[in-house]
Amino acid sequence: MQSPGEFIRIELEKRGWTQTDLATILDRPLPTINRILKGKHAVLPDMAIALGQAFATGPEIWMHRESEYRLSLATPPDDTNVIRRAKAHSLAPIKELEKRGWIKRSTTIDDLEHELKHFYCLESIDSLPVIGVATRRSGYQEKLTPSQNAWCFRVRHLASNLQAGKFEESKMDECVQKLRKIAAYPQETHKVSRLLSEFGIRLVIVEPLSGCKVDGVAMWLDDRSPIIGMSIRYDRFDNFWFTLCHELSHIIHRDDASLDWDSGGVVTDVKPPIEVRADSEAAAMLVPKEELDSFIRRVGPLYSSDRIVQFAHRIKIHPAIIVGQLQNCGEIGYSSHREMLSKVRQIVTPATLCDGWGHSVNDRNGK
């Protein structure tokens, strides 16, 4: 590969110029010109501009020749390992998975690939990890992000170690009714995991990864073993219950992300049809639609705390859930009645298999 200096020599010969002439024209020290001609000094941007003006070529050609020459001198790294590391890091936020203990810390690419194959249940790192799920999250696209995908796999790992009763679709109405009774009292939320287990549903709580933006997920260990995973990234009583019922709707309908839906390849706020349906059914599980509509007609837009509490007590649900639904349908702002939005994380996590906020599981498989 010719150095830029060799091309400069050609230009000098065309014009009958000497190195001294070029140094004078460019107003540069002669030793600098000499070192460039010998390939011992790089052509920097200001020199490329000056050469372009002197030879009427423009600066780009000299920067291009310099770049090509320096690349030809570089010792290529182990391209295979660079490609392998890049592929591994495209699958998951590696450092965060190691920090959370989901995979072991690796010093070699072989070890890292072994950990990822184990975590994602892959035969080869060349295969993309795929998990059939339906999720409630911020922003929708056809595929989960690497962080969301890793979070869902962690939920599955943890749930695989839980025992649960027999799942029967015919008993889901009974399950919903018993859950709704618990939803009237924040302190009773610790019973949710045990109740779901009695109906064959495994509940797992996993603190979200950075930028994960997932509230909940519904999936299946096998045809008769449903799982609900929750992140509780918003520590609010209303959000917890709405997300739980949203995912329960997915379980009832056996939804997953493989259903045909096209976001155009971009993140969008337009929800897939199954998510719209799950939102609607979740709201109705907690507050019958006709009751909420009647309350809005009678009271809106003057939603005092007393009226909300009275309505909540009448239909036997916690006032935070009423506030959440009024916010969601735009009847009140998100800053209204926040004093009613009780926290729930410290109540539910001690009674549920949980990974995060100081709760840890012994090994990377969730055992």
# chains A, B, ... in the order shown; residues from 1 in each chain; ligands from 1
call {"tool": "residues_around", "arguments": {"residues": "stretch 84-100 of chain A", "least_positions_apart": "3", "cutoff": "9 Å", "atoms": "only C-alpha atoms", "output": "MDAnalysis selection string"}}
result
chainID A and resid 79:81 103:106 109 112:113 116 125:126 128:129 145:150 209:210 355:356 360 364
call {"tool": "select_by_dssp", "arguments": {"residues": "stretch 42-207 of chain A", "states": "alpha helix (DSSP H)", "output": "PyMOL selection string"}}
result
chain A and resi 45-55+60-73+79-91+94-99+109-120+146-159+172-182+192-198
call {"tool": "select_by_dssp", "arguments": {"residues": "stretch 10-189 of chain A", "states": "strand (DSSP E)", "output": "NGL selection string"}}
result
:A and (134-137)
call {"tool": "closest_residue", "arguments": {"among": "A:Glu331, A:Arg154, A:Phe55, A:Leu244", "to": "A:Arg297", "atoms": "only C-alpha atoms"}}
result
A:Glu331
call {"tool": "closest_atom_pairs", "arguments": {"of": "stretch 210-286 of chain A", "to": "stretch 332-338 of chain A", "cutoff": "12 Å", "atoms": "only C-alpha atoms", "output": "CSV"}}
result
residue,atom,partner,partner_atom,distance
A:Arg236,CA,A:Arg338,CA,9.8
A:Phe237,CA,A:Arg338,CA,11.1
A:Asp238,CA,A:Arg338,CA,10.8
call {"tool": "write_last_selection", "arguments": {"atoms": "N, CA and C atoms", "output": "PDB file, in the first residue's frame"}}
result
ATOM      1  N   ARG A 236     -46.923   0.962  43.198  1.00  0.00           N
ATOM      2  CA  ARG A 236     -48.251   1.491  43.503  1.00  0.00           C
ATOM      3  C   ARG A 236     -49.250   0.342  43.521  1.00  0.00           C
ATOM      4  N   PHE A 237     -50.158   0.422  44.461  1.00  0.00           N
ATOM      5  CA  PHE A 237     -51.177  -0.611  44.623  1.00  0.00           C
ATOM      6  C   PHE A 237     -52.007  -0.784  43.364  1.00  0.00           C
ATOM      7  N   ASP A 238     -52.412   0.335  42.740  1.00  0.00           N
ATOM      8  CA  ASP A 238     -53.267   0.241  41.555  1.00  0.00           C
ATOM      9  C   ASP A 238     -52.515  -0.378  40.376  1.00  0.00           C
TER      10      ASP A 238
END
call {"tool": "closest_residue", "arguments": {"among": "A:Lys40, A:His253, A:His157, A:Arg224", "to": "A:Ile201", "atoms": "only C-alpha atoms"}}
result
A:Arg224
call {"tool": "atom_distance", "arguments": {"atom1": "atom CA of A:Ser342", "atom2": "atom CA of A:Arg180"}}
result
16.6 Å
call {"tool": "closest_residue", "arguments": {"among": "A:Met219, A:Cys175, A:Cys354, A:Ile322", "to": "A:Val133", "atoms": "only C-alpha atoms"}}
result
A:Met219
call {"tool": "atom_distance", "arguments": {"atom1": "atom CA of A:Pro272", "atom2": "atom CA of A:Pro208"}}
result
22.1 Å
call {"tool": "atom_distance", "arguments": {"atom1": "atom CA of A:Met1", "atom2": "atom CA of A:Ser67"}}
result
11.1 Å
call {"tool": "residues_around", "arguments": {"residues": "stretch 212-217 of chain A", "least_positions_apart": "5", "cutoff": "6 Å", "atoms": "only C-alpha atoms", "output": "number ranges by chain"}}
result
A: 134-138, 147-148, 228-231
call {"tool": "closest_residue", "arguments": {"among": "A:Lys14, A:Lys38, A:Ser249, A:Phe167", "to": "A:Val276", "atoms": "only C-alpha atoms"}}
result
A:Ser249
call {"tool": "closest_residue", "arguments": {"among": "A:Lys171, A:Lys191, A:Arg9, A:His64", "to": "A:Ile33", "atoms": "only C-alpha atoms"}}
result
A:Arg9
call {"tool": "closest_residue", "arguments": {"among": "A:Met172, A:Ile182, A:Ile232, A:Ile315", "to": "A:Phe199", "atoms": "only C-alpha atoms"}}
result
A:Met172
call {"tool": "residues_around", "arguments": {"residues": "A:Ala42", "least_positions_apart": "6", "cutoff": "10 Å", "atoms": "only C-alpha atoms", "output": "list in words"}}
result
Ser3, Pro4, Gly5, Thr32, Arg35, Ile36, Ala48, Met63, Glu66, Ser67, Tyr69 and Arg70 of chain A
call {"tool": "residues_around", "arguments": {"residues": "A:Ile227", "least_positions_apart": "2", "cutoff": "9 Å", "atoms": "only C-alpha atoms", "output": "list in words"}}
result
Val155, Arg156, Ala159, Gly200, Ile201, Arg202, Leu203, Val204, Val217, Ala218, Met219, Trp220, Leu221, Ser225, Gly229 and Ile251 of chain A
call {"tool": "residues_around", "arguments": {"residues": "A:Ala283", "least_positions_apart": "5", "cutoff": "8 Å", "atoms": "only C-alpha atoms", "output": "list in words"}}
result
Phe242, Cys245, Pro288, Lys289 and Gln325 of chain A
